[in-house]
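Printed here is work_12.cif (mmCIF, N, CA and C atoms):
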data_model
loop_
_atom_site.label_atom_id
_atom_site.label_comp_id
_atom_site.auth_asym_id
_atom_site.auth_seq_id
_atom_site.Cartn_x
_atom_site.Cartn_y
_atom_site.Cartn_z
N MET A 57 -12.54 -30.67 48.66
CA MET A 57 -11.91 -30.21 47.45
C MET A 57 -11.15 -28.93 47.75
N THR A 58 -9.91 -28.91 47.34
CA THR A 58 -9.07 -27.76 47.59
C THR A 58 -8.93 -26.93 46.32
N LEU A 59 -9.10 -25.64 46.45
CA LEU A 59 -8.96 -24.73 45.32
C LEU A 59 -7.54 -24.20 45.30
N VAL A 60 -6.86 -24.39 44.18
CA VAL A 60 -5.48 -23.94 44.04
C VAL A 60 -5.45 -22.79 43.06
N ARG A 61 -4.84 -21.71 43.45
CA ARG A 61 -4.75 -20.52 42.61
C ARG A 61 -3.42 -20.54 41.86
N LEU A 62 -3.49 -20.46 40.53
CA LEU A 62 -2.27 -20.41 39.72
C LEU A 62 -1.84 -18.97 39.56
N ARG A 63 -0.58 -18.75 39.67
CA ARG A 63 -0.04 -17.39 39.51
C ARG A 63 0.71 -17.32 38.19
N LEU A 64 -0.04 -17.13 37.15
CA LEU A 64 0.56 -16.99 35.82
C LEU A 64 0.67 -15.51 35.48
N ASN A 65 1.72 -15.20 34.83
CA ASN A 65 1.90 -13.84 34.36
C ASN A 65 1.39 -13.77 32.93
N PRO A 66 0.28 -13.05 32.68
CA PRO A 66 -0.27 -13.01 31.32
C PRO A 66 0.70 -12.39 30.32
N TRP A 67 1.58 -11.52 30.78
CA TRP A 67 2.55 -10.90 29.86
C TRP A 67 3.55 -11.92 29.33
N GLN A 68 3.85 -12.95 30.14
CA GLN A 68 4.73 -14.01 29.65
C GLN A 68 4.08 -14.74 28.48
N GLU A 69 2.78 -14.96 28.58
CA GLU A 69 2.06 -15.63 27.49
C GLU A 69 2.07 -14.76 26.23
N PHE A 70 1.85 -13.45 26.39
CA PHE A 70 1.89 -12.55 25.24
C PHE A 70 3.28 -12.53 24.61
N ASN A 71 4.30 -12.50 25.44
CA ASN A 71 5.68 -12.51 24.92
C ASN A 71 5.97 -13.79 24.15
N ALA A 72 5.48 -14.91 24.65
CA ALA A 72 5.70 -16.19 23.96
C ALA A 72 5.00 -16.19 22.60
N ILE A 73 3.79 -15.68 22.57
CA ILE A 73 3.07 -15.59 21.30
C ILE A 73 3.79 -14.66 20.34
N GLN A 74 4.28 -13.53 20.83
CA GLN A 74 5.01 -12.57 19.99
C GLN A 74 6.26 -13.22 19.40
N ARG A 75 6.99 -13.99 20.20
CA ARG A 75 8.19 -14.69 19.70
C ARG A 75 7.82 -15.68 18.61
N GLN A 76 6.71 -16.39 18.80
CA GLN A 76 6.28 -17.35 17.79
C GLN A 76 5.90 -16.65 16.48
N ILE A 77 5.21 -15.53 16.58
CA ILE A 77 4.84 -14.77 15.38
C ILE A 77 6.09 -14.25 14.69
N ASN A 78 7.04 -13.71 15.46
CA ASN A 78 8.29 -13.22 14.87
C ASN A 78 9.03 -14.34 14.15
N ARG A 79 9.05 -15.52 14.76
CA ARG A 79 9.72 -16.67 14.13
C ARG A 79 9.02 -17.06 12.83
N LEU A 80 7.70 -16.96 12.82
CA LEU A 80 6.93 -17.31 11.63
C LEU A 80 7.28 -16.39 10.46
N PHE A 81 7.47 -15.10 10.75
CA PHE A 81 7.74 -14.14 9.69
C PHE A 81 9.22 -13.82 9.51
N ASP A 82 10.06 -14.51 10.22
CA ASP A 82 11.50 -14.29 10.08
C ASP A 82 11.92 -14.66 8.67
N GLU A 83 12.56 -13.75 7.96
CA GLU A 83 12.94 -13.99 6.58
C GLU A 83 13.90 -15.16 6.44
N ASP A 84 14.67 -15.47 7.48
CA ASP A 84 15.60 -16.58 7.39
C ASP A 84 14.88 -17.91 7.32
N THR A 85 13.64 -17.97 7.84
CA THR A 85 12.91 -19.24 7.81
C THR A 85 12.10 -19.40 6.54
N LEU A 86 11.87 -18.31 5.80
CA LEU A 86 11.14 -18.41 4.55
C LEU A 86 12.08 -18.86 3.45
N SER A 87 11.67 -19.86 2.73
CA SER A 87 12.54 -20.37 1.67
C SER A 87 12.54 -19.40 0.49
N PRO A 88 13.67 -19.29 -0.23
CA PRO A 88 13.72 -18.42 -1.41
C PRO A 88 12.68 -18.81 -2.45
N ALA A 89 12.36 -20.09 -2.55
CA ALA A 89 11.35 -20.53 -3.52
C ALA A 89 10.00 -19.92 -3.18
N PHE A 90 9.68 -19.82 -1.88
CA PHE A 90 8.43 -19.22 -1.46
C PHE A 90 8.39 -17.73 -1.81
N LEU A 91 9.51 -17.06 -1.59
CA LEU A 91 9.57 -15.64 -1.89
C LEU A 91 9.52 -15.36 -3.38
N ASP A 92 10.03 -16.27 -4.19
CA ASP A 92 10.04 -16.08 -5.64
C ASP A 92 8.68 -16.36 -6.27
N ARG A 93 7.75 -16.91 -5.53
CA ARG A 93 6.46 -17.26 -6.09
C ARG A 93 5.51 -16.08 -6.18
N GLY A 94 6.01 -14.89 -6.16
CA GLY A 94 5.14 -13.75 -6.35
C GLY A 94 4.75 -13.04 -5.07
N LEU A 95 5.40 -13.35 -3.96
CA LEU A 95 5.13 -12.63 -2.73
C LEU A 95 5.77 -11.26 -2.89
N SER A 96 4.96 -10.25 -3.12
CA SER A 96 5.51 -8.92 -3.35
C SER A 96 4.78 -7.92 -2.47
N ARG A 97 5.42 -6.83 -2.27
CA ARG A 97 4.84 -5.76 -1.47
C ARG A 97 4.17 -4.76 -2.41
N VAL A 98 3.02 -4.29 -2.04
CA VAL A 98 2.37 -3.27 -2.83
C VAL A 98 2.67 -1.92 -2.20
N PRO A 99 2.82 -0.90 -3.01
CA PRO A 99 3.13 0.41 -2.45
C PRO A 99 1.94 0.98 -1.66
N ALA A 100 2.27 1.71 -0.62
CA ALA A 100 1.24 2.35 0.21
C ALA A 100 0.63 3.52 -0.56
N ALA A 101 -0.66 3.72 -0.37
CA ALA A 101 -1.37 4.78 -1.08
C ALA A 101 -2.22 5.58 -0.10
N GLU A 102 -2.48 6.82 -0.49
CA GLU A 102 -3.32 7.72 0.31
C GLU A 102 -4.27 8.44 -0.65
N LEU A 103 -5.56 8.36 -0.38
CA LEU A 103 -6.57 9.02 -1.20
C LEU A 103 -7.22 10.16 -0.43
N LYS A 104 -7.39 11.28 -1.11
CA LYS A 104 -8.09 12.41 -0.52
C LYS A 104 -9.08 12.92 -1.57
N GLU A 105 -10.34 13.01 -1.18
CA GLU A 105 -11.36 13.43 -2.13
C GLU A 105 -11.85 14.83 -1.79
N THR A 106 -11.90 15.68 -2.80
CA THR A 106 -12.48 17.01 -2.66
C THR A 106 -13.71 17.07 -3.55
N GLU A 107 -14.34 18.23 -3.59
CA GLU A 107 -15.54 18.38 -4.41
C GLU A 107 -15.24 18.21 -5.89
N ASP A 108 -14.06 18.64 -6.33
CA ASP A 108 -13.74 18.63 -7.76
C ASP A 108 -12.82 17.50 -8.21
N ALA A 109 -12.09 16.88 -7.29
CA ALA A 109 -11.08 15.91 -7.72
C ALA A 109 -10.79 14.89 -6.63
N ILE A 110 -10.12 13.83 -7.05
CA ILE A 110 -9.56 12.85 -6.13
C ILE A 110 -8.05 12.99 -6.22
N HIS A 111 -7.40 13.10 -5.07
CA HIS A 111 -5.95 13.25 -5.03
C HIS A 111 -5.37 11.95 -4.49
N LEU A 112 -4.49 11.34 -5.27
CA LEU A 112 -3.89 10.07 -4.91
C LEU A 112 -2.39 10.26 -4.75
N LYS A 113 -1.88 9.79 -3.61
CA LYS A 113 -0.45 9.84 -3.33
C LYS A 113 0.02 8.41 -3.11
N VAL A 114 1.10 8.01 -3.80
CA VAL A 114 1.61 6.64 -3.70
C VAL A 114 3.10 6.68 -3.38
N GLU A 115 3.52 5.90 -2.40
CA GLU A 115 4.94 5.80 -2.02
C GLU A 115 5.63 4.78 -2.92
N LEU A 116 6.67 5.24 -3.62
CA LEU A 116 7.43 4.37 -4.52
C LEU A 116 8.92 4.62 -4.36
N PRO A 117 9.47 4.47 -3.16
CA PRO A 117 10.87 4.79 -2.96
C PRO A 117 11.80 3.87 -3.75
N GLY A 118 12.83 4.45 -4.32
CA GLY A 118 13.84 3.67 -5.03
C GLY A 118 13.43 3.20 -6.40
N ILE A 119 12.32 3.69 -6.92
CA ILE A 119 11.85 3.28 -8.24
C ILE A 119 11.93 4.47 -9.18
N GLU A 120 12.53 4.24 -10.33
CA GLU A 120 12.64 5.30 -11.32
C GLU A 120 11.35 5.38 -12.13
N ALA A 121 11.05 6.59 -12.62
CA ALA A 121 9.81 6.81 -13.37
C ALA A 121 9.74 5.89 -14.60
N LYS A 122 10.88 5.60 -15.21
CA LYS A 122 10.87 4.76 -16.41
C LYS A 122 10.48 3.32 -16.10
N ASP A 123 10.53 2.91 -14.84
CA ASP A 123 10.17 1.55 -14.43
C ASP A 123 8.72 1.44 -13.96
N LEU A 124 7.93 2.50 -14.16
CA LEU A 124 6.53 2.51 -13.74
C LEU A 124 5.60 2.45 -14.94
N ASP A 125 4.49 1.74 -14.79
CA ASP A 125 3.42 1.73 -15.77
C ASP A 125 2.17 2.22 -15.05
N LEU A 126 1.63 3.33 -15.52
CA LEU A 126 0.48 3.96 -14.87
C LEU A 126 -0.64 4.07 -15.89
N GLN A 127 -1.79 3.49 -15.55
CA GLN A 127 -2.96 3.54 -16.43
C GLN A 127 -4.16 3.95 -15.59
N VAL A 128 -4.98 4.84 -16.15
CA VAL A 128 -6.14 5.36 -15.43
C VAL A 128 -7.38 5.20 -16.27
N THR A 129 -8.40 4.55 -15.71
CA THR A 129 -9.71 4.48 -16.35
C THR A 129 -10.62 5.46 -15.64
N GLU A 130 -11.90 5.44 -15.97
CA GLU A 130 -12.84 6.37 -15.34
C GLU A 130 -13.08 6.08 -13.87
N ASN A 131 -12.74 4.85 -13.42
CA ASN A 131 -13.02 4.52 -12.02
C ASN A 131 -11.91 3.72 -11.34
N THR A 132 -10.73 3.61 -11.99
CA THR A 132 -9.65 2.80 -11.44
C THR A 132 -8.29 3.37 -11.83
N VAL A 133 -7.34 3.23 -10.91
CA VAL A 133 -5.94 3.53 -11.21
C VAL A 133 -5.17 2.21 -11.14
N TYR A 134 -4.45 1.89 -12.22
CA TYR A 134 -3.63 0.69 -12.27
C TYR A 134 -2.17 1.13 -12.28
N LEU A 135 -1.40 0.58 -11.36
CA LEU A 135 0.01 0.95 -11.23
C LEU A 135 0.83 -0.33 -11.13
N SER A 136 1.85 -0.43 -11.95
CA SER A 136 2.76 -1.56 -11.85
C SER A 136 4.17 -1.07 -12.10
N GLY A 137 5.12 -1.82 -11.64
CA GLY A 137 6.51 -1.43 -11.81
C GLY A 137 7.44 -2.48 -11.26
N GLU A 138 8.68 -2.09 -11.19
CA GLU A 138 9.68 -3.01 -10.68
C GLU A 138 10.78 -2.23 -9.97
N ARG A 139 11.10 -2.70 -8.80
CA ARG A 139 12.25 -2.15 -8.09
C ARG A 139 13.40 -3.11 -8.36
N LYS A 140 14.39 -2.60 -9.05
CA LYS A 140 15.51 -3.44 -9.46
C LYS A 140 16.61 -3.38 -8.41
N SER A 141 17.19 -4.52 -8.15
CA SER A 141 18.29 -4.56 -7.18
C SER A 141 19.57 -4.10 -7.86
N GLU A 142 20.40 -3.47 -7.07
CA GLU A 142 21.68 -3.02 -7.57
C GLU A 142 22.63 -4.20 -7.61
N ALA A 143 23.32 -4.34 -8.73
CA ALA A 143 24.29 -5.44 -8.84
C ALA A 143 25.56 -5.03 -8.12
N LYS A 144 25.85 -5.69 -7.03
CA LYS A 144 27.05 -5.40 -6.26
C LYS A 144 27.97 -6.61 -6.30
N SER A 145 29.22 -6.36 -6.46
CA SER A 145 30.17 -7.47 -6.45
C SER A 145 31.07 -7.31 -5.24
N GLU A 146 30.88 -8.20 -4.29
CA GLU A 146 31.71 -8.21 -3.10
C GLU A 146 32.33 -9.58 -2.99
N ASP A 147 33.62 -9.59 -2.70
CA ASP A 147 34.31 -10.87 -2.59
C ASP A 147 33.89 -11.62 -1.34
N LYS A 148 33.90 -10.92 -0.24
CA LYS A 148 33.56 -11.57 1.03
C LYS A 148 32.59 -10.68 1.79
N GLY A 149 31.89 -11.27 2.66
CA GLY A 149 30.97 -10.50 3.49
C GLY A 149 29.54 -10.97 3.29
N LEU A 150 28.74 -10.67 4.27
CA LEU A 150 27.35 -11.06 4.27
C LEU A 150 26.50 -9.82 4.07
N ILE A 151 25.53 -9.93 3.20
CA ILE A 151 24.59 -8.83 2.99
C ILE A 151 23.22 -9.31 3.43
N LYS A 152 22.61 -8.59 4.34
CA LYS A 152 21.24 -8.87 4.75
C LYS A 152 20.44 -7.62 4.47
N THR A 153 19.37 -7.77 3.74
CA THR A 153 18.58 -6.61 3.36
C THR A 153 17.13 -6.79 3.74
N GLU A 154 16.48 -5.71 4.07
CA GLU A 154 15.05 -5.71 4.30
C GLU A 154 14.33 -5.01 3.16
N PHE A 155 15.09 -4.58 2.14
CA PHE A 155 14.49 -3.98 0.96
C PHE A 155 13.79 -5.08 0.17
N HIS A 156 12.74 -4.73 -0.51
CA HIS A 156 12.02 -5.69 -1.33
C HIS A 156 12.20 -5.31 -2.79
N TYR A 157 12.73 -6.23 -3.54
CA TYR A 157 12.98 -6.02 -4.95
C TYR A 157 12.02 -6.88 -5.75
N GLY A 158 11.80 -6.47 -6.97
CA GLY A 158 10.96 -7.27 -7.86
C GLY A 158 9.77 -6.47 -8.36
N LYS A 159 8.91 -7.18 -9.05
CA LYS A 159 7.75 -6.55 -9.68
C LYS A 159 6.60 -6.42 -8.68
N PHE A 160 5.78 -5.42 -8.90
CA PHE A 160 4.59 -5.23 -8.10
C PHE A 160 3.50 -4.68 -9.00
N GLN A 161 2.28 -4.80 -8.54
CA GLN A 161 1.16 -4.15 -9.21
C GLN A 161 0.09 -3.82 -8.18
N ARG A 162 -0.64 -2.78 -8.45
CA ARG A 162 -1.70 -2.38 -7.54
C ARG A 162 -2.83 -1.77 -8.35
N ILE A 163 -4.04 -2.17 -8.04
CA ILE A 163 -5.23 -1.60 -8.65
C ILE A 163 -5.99 -0.88 -7.55
N ILE A 164 -6.22 0.42 -7.77
CA ILE A 164 -6.87 1.24 -6.75
C ILE A 164 -8.22 1.69 -7.29
N PRO A 165 -9.32 1.17 -6.73
CA PRO A 165 -10.65 1.60 -7.17
C PRO A 165 -10.93 3.01 -6.65
N LEU A 166 -11.60 3.79 -7.46
CA LEU A 166 -11.92 5.17 -7.09
C LEU A 166 -13.38 5.27 -6.68
N SER A 167 -13.67 6.19 -5.79
CA SER A 167 -15.02 6.33 -5.24
C SER A 167 -15.95 7.12 -6.15
N ALA A 168 -15.41 7.75 -7.19
CA ALA A 168 -16.21 8.53 -8.12
C ALA A 168 -15.62 8.40 -9.51
N ARG A 169 -16.46 8.62 -10.52
CA ARG A 169 -15.96 8.61 -11.90
C ARG A 169 -15.12 9.86 -12.13
N ILE A 170 -14.05 9.67 -12.88
CA ILE A 170 -13.15 10.80 -13.14
C ILE A 170 -13.00 11.03 -14.64
N GLN A 171 -12.44 12.18 -14.96
CA GLN A 171 -12.09 12.50 -16.35
C GLN A 171 -10.67 11.97 -16.57
N ASN A 172 -10.56 10.75 -17.02
CA ASN A 172 -9.23 10.14 -17.11
C ASN A 172 -8.36 10.77 -18.19
N THR A 173 -8.92 11.62 -19.05
CA THR A 173 -8.10 12.29 -20.06
C THR A 173 -7.47 13.57 -19.51
N ASN A 174 -7.84 13.99 -18.31
CA ASN A 174 -7.31 15.23 -17.73
C ASN A 174 -6.52 15.00 -16.44
N VAL A 175 -5.99 13.81 -16.25
CA VAL A 175 -5.23 13.48 -15.05
C VAL A 175 -3.86 14.16 -15.12
N THR A 176 -3.42 14.72 -14.00
CA THR A 176 -2.07 15.27 -13.92
C THR A 176 -1.27 14.46 -12.91
N ALA A 177 0.03 14.31 -13.21
CA ALA A 177 0.89 13.50 -12.35
C ALA A 177 2.18 14.25 -12.06
N ASP A 178 2.68 14.03 -10.84
CA ASP A 178 3.97 14.60 -10.43
C ASP A 178 4.70 13.49 -9.67
N TYR A 179 5.95 13.23 -10.06
CA TYR A 179 6.73 12.18 -9.40
C TYR A 179 8.04 12.79 -8.92
N LYS A 180 8.18 12.86 -7.59
CA LYS A 180 9.37 13.49 -7.04
C LYS A 180 9.73 12.80 -5.73
N ASP A 181 11.00 12.50 -5.55
CA ASP A 181 11.52 11.91 -4.30
C ASP A 181 10.78 10.62 -3.92
N GLY A 182 10.42 9.80 -4.92
CA GLY A 182 9.77 8.53 -4.64
C GLY A 182 8.31 8.62 -4.28
N ILE A 183 7.70 9.79 -4.46
CA ILE A 183 6.28 9.97 -4.18
C ILE A 183 5.58 10.37 -5.47
N LEU A 184 4.58 9.57 -5.84
CA LEU A 184 3.76 9.85 -7.01
C LEU A 184 2.50 10.56 -6.55
N ASN A 185 2.25 11.74 -7.09
CA ASN A 185 1.04 12.50 -6.79
C ASN A 185 0.19 12.60 -8.04
N LEU A 186 -1.05 12.12 -7.96
CA LEU A 186 -1.98 12.21 -9.07
C LEU A 186 -3.15 13.08 -8.68
N THR A 187 -3.55 13.95 -9.60
CA THR A 187 -4.78 14.71 -9.44
C THR A 187 -5.74 14.19 -10.48
N LEU A 188 -6.84 13.62 -10.00
CA LEU A 188 -7.82 12.96 -10.85
C LEU A 188 -9.11 13.77 -10.82
N PRO A 189 -9.32 14.66 -11.80
CA PRO A 189 -10.51 15.51 -11.77
C PRO A 189 -11.79 14.68 -11.95
N LYS A 190 -12.79 15.00 -11.17
CA LYS A 190 -14.05 14.26 -11.23
C LYS A 190 -14.79 14.59 -12.53
N ALA A 191 -15.53 13.60 -13.01
CA ALA A 191 -16.39 13.81 -14.17
C ALA A 191 -17.49 14.80 -13.77
N GLU A 192 -17.96 15.55 -14.73
CA GLU A 192 -18.92 16.62 -14.44
C GLU A 192 -20.15 16.11 -13.71
N GLN A 193 -20.65 14.94 -14.07
CA GLN A 193 -21.86 14.42 -13.41
C GLN A 193 -21.59 13.98 -11.97
N GLU A 194 -20.31 13.83 -11.59
CA GLU A 194 -19.96 13.40 -10.24
C GLU A 194 -19.82 14.57 -9.26
N LYS A 195 -19.59 15.74 -9.79
CA LYS A 195 -19.42 16.89 -8.91
C LYS A 195 -20.73 17.19 -8.20
N ASN A 196 -20.61 17.54 -6.95
CA ASN A 196 -21.81 17.86 -6.18
C ASN A 196 -22.40 19.17 -6.67
N LYS A 197 -23.61 19.10 -7.15
CA LYS A 197 -24.29 20.30 -7.64
C LYS A 197 -25.47 20.59 -6.73
N VAL A 198 -25.68 21.85 -6.48
CA VAL A 198 -26.82 22.25 -5.68
C VAL A 198 -27.92 22.67 -6.64
N VAL A 199 -29.08 22.07 -6.50
CA VAL A 199 -30.20 22.36 -7.37
C VAL A 199 -31.33 22.91 -6.51
N LYS A 200 -31.87 24.05 -6.92
CA LYS A 200 -32.99 24.65 -6.19
C LYS A 200 -34.26 23.93 -6.61
N VAL A 201 -35.02 23.50 -5.63
CA VAL A 201 -36.27 22.79 -5.88
C VAL A 201 -37.41 23.73 -5.52
N ASN A 202 -38.28 24.00 -6.46
CA ASN A 202 -39.45 24.84 -6.22
C ASN A 202 -40.57 23.98 -5.66
N LEU A 203 -41.11 24.40 -4.56
CA LEU A 203 -42.20 23.67 -3.93
C LEU A 203 -43.51 24.36 -4.24
N ALA A 204 -44.44 23.61 -4.78
CA ALA A 204 -45.77 24.17 -5.06
C ALA A 204 -46.58 24.15 -3.78
N SER A 205 -47.23 25.21 -3.52
CA SER A 205 -48.06 25.30 -2.32
C SER A 205 -49.33 24.49 -2.52
N SER A 206 -49.67 23.69 -1.53
CA SER A 206 -50.85 22.84 -1.68
C SER A 206 -52.09 23.49 -1.05
N GLY A 207 -52.03 24.67 -0.64
CA GLY A 207 -53.18 25.23 0.05
C GLY A 207 -53.45 26.59 -0.24
#

As structure tokens - that is how I would like this structure written.
Amino acid sequence: MTLVRLRLNPWQEFNAIQRQINRLFDEDTLSPAFLDRGLSRVPAAELKETEDAIHLKVELPGIEAKDLDLQVTENTVYLSGERKSEAKSEDKGLIKTEFHYGKFQRIIPLSARIQNTNVTADYKDGILNLTLPKAEQEKNKVVKVNLASSG
């Protein structure tokens, strides 16, 4: 029995897989009907928790404040909106865009209960900043415990 050693380049296999994945997600191969069925992008969010509050930052480029719906409960932030496409009239030419237009919604669960009546918001340059103050019972409190001597 003769042992034959194959000289395959593993990087060629990775490149082939990468090409197949790219083809799968190529927008030209996705039918418009598929895209219209609610395939939407959710905005990226960043949460930072301090002792007194939760700070939420959400990227919403190209969306006007009037097109946003923001609702806050004691433990959830609900955000929905719509990025509207600009109506352009061009006689000839091809337009290819990677921008995503349409409606979106996102529900962000919070790690602590907050005072939803005291939320502050700032929306500037497509970035929404929310300060969500924690409910009093959620704030870390230090309690001194008296130990009785047993002896």

Point to revise | For A:Gln127, the nearest of the candidates A:Met57, A:Leu203, A:Ile163, A:Ala72, counting only C-alpha atoms | key: A:Ile163

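Rounded to one decimal, atom N of A:Arg75 and atom N of A:Arg97 lie 23.6 Å from each other.
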
Check your understanding: So what does the PyMOL selection byres ((chain A and resi 151-157) around 8) actually pick up in this one, as a PyMOL selection string?
Key -> chain A and resi 96-97+138-141+148-150+158-160

Sel. within 8 Å of pt (-10.3, -1.1, -7.3), counting all atoms listed in the file, output as a PDB file with N, CA and C atoms, in the frame of the given file:
ATOM      1  N   ASN A 131     -12.740   4.850 -13.420  1.00  0.00           N
ATOM      2  CA  ASN A 131     -13.020   4.520 -12.020  1.00  0.00           C
ATOM      3  C   ASN A 131     -11.910   3.720 -11.340  1.00  0.00           C
ATOM      4  N   THR A 132     -10.730   3.610 -11.990  1.00  0.00           N
ATOM      5  CA  THR A 132      -9.650   2.800 -11.440  1.00  0.00           C
ATOM      6  C   THR A 132      -8.290   3.370 -11.830  1.00  0.00           C
ATOM      7  N   VAL A 133      -7.340   3.230 -10.910  1.00  0.00           N
ATOM      8  CA  VAL A 133      -5.940   3.530 -11.210  1.00  0.00           C
ATOM      9  C   VAL A 133      -5.170   2.210 -11.140  1.00  0.00           C
ATOM     10  N   ARG A 162      -0.640  -2.780  -8.450  1.00  0.00           N
ATOM     11  CA  ARG A 162      -1.700  -2.380  -7.540  1.00  0.00           C
ATOM     12  C   ARG A 162      -2.830  -1.770  -8.350  1.00  0.00           C
ATOM     13  N   ILE A 163      -4.040  -2.170  -8.040  1.00  0.00           N
ATOM     14  CA  ILE A 163      -5.230  -1.600  -8.650  1.00  0.00           C
ATOM     15  C   ILE A 163      -5.990  -0.880  -7.550  1.00  0.00           C
ATOM     16  N   ILE A 164      -6.220   0.420  -7.770  1.00  0.00           N
ATOM     17  CA  ILE A 164      -6.870   1.240  -6.750  1.00  0.00           C
ATOM     18  C   ILE A 164      -8.220   1.690  -7.290  1.00  0.00           C
ATOM     19  N   PRO A 165      -9.320   1.170  -6.730  1.00  0.00           N
ATOM     20  CA  PRO A 165     -10.650   1.600  -7.170  1.00  0.00           C
ATOM     21  C   PRO A 165     -10.930   3.010  -6.650  1.00  0.00           C
ATOM     22  N   LEU A 166     -11.600   3.790  -7.460  1.00  0.00           N
ATOM     23  CA  LEU A 166     -11.920   5.170  -7.090  1.00  0.00           C
ATOM     24  C   LEU A 166     -13.380   5.270  -6.680  1.00  0.00           C
TER      25      LEU A 166
END

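Between atom N of A:Glu115 and atom C of A:Ala101 there is a distance of 6.2 Å.
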
Check your understanding: Hey, can you check how far atom CA of A:Glu105 sits from atom CA of A:Gly118?
Key -> 27.2 Å

Exercise for review: Going by DSSP on the backbone, which bits of stretch 93-152 of chain A are strand (DSSP E or B)? Write them as a list of chain:residue names, please.
Suggested key: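 Matching residues for strand (DSSP E or B) in stretch 93-152 of chain A are A:Ala101, A:Glu102, A:Leu103, A:Lys104, A:Glu105, A:Ala109, A:Ile110, A:His111, A:Leu112, A:Lys113, A:Val114, A:Glu115, A:Leu124, A:Asp125, A:Leu126, A:Gln127, A:Val128, A:Thr132, A:Val133, A:Tyr134, A:Leu135, A:Ser136, A:Gly137, A:Glu138, A:Arg139.
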
Review point. What residues come out when you apply the PyMOL selection byres ((chain A and resi 184) around 8) to this file, written as number ranges by chain?
Key: A: 112-117, 177-183, 185-187

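Neighbouring residues of A:Ala109 at 7 Å or closer, counting only C-alpha atoms and skipping chain neighbours under 6 positions away, are Thr187, Leu188, Pro189 and Lys190 of chain A.
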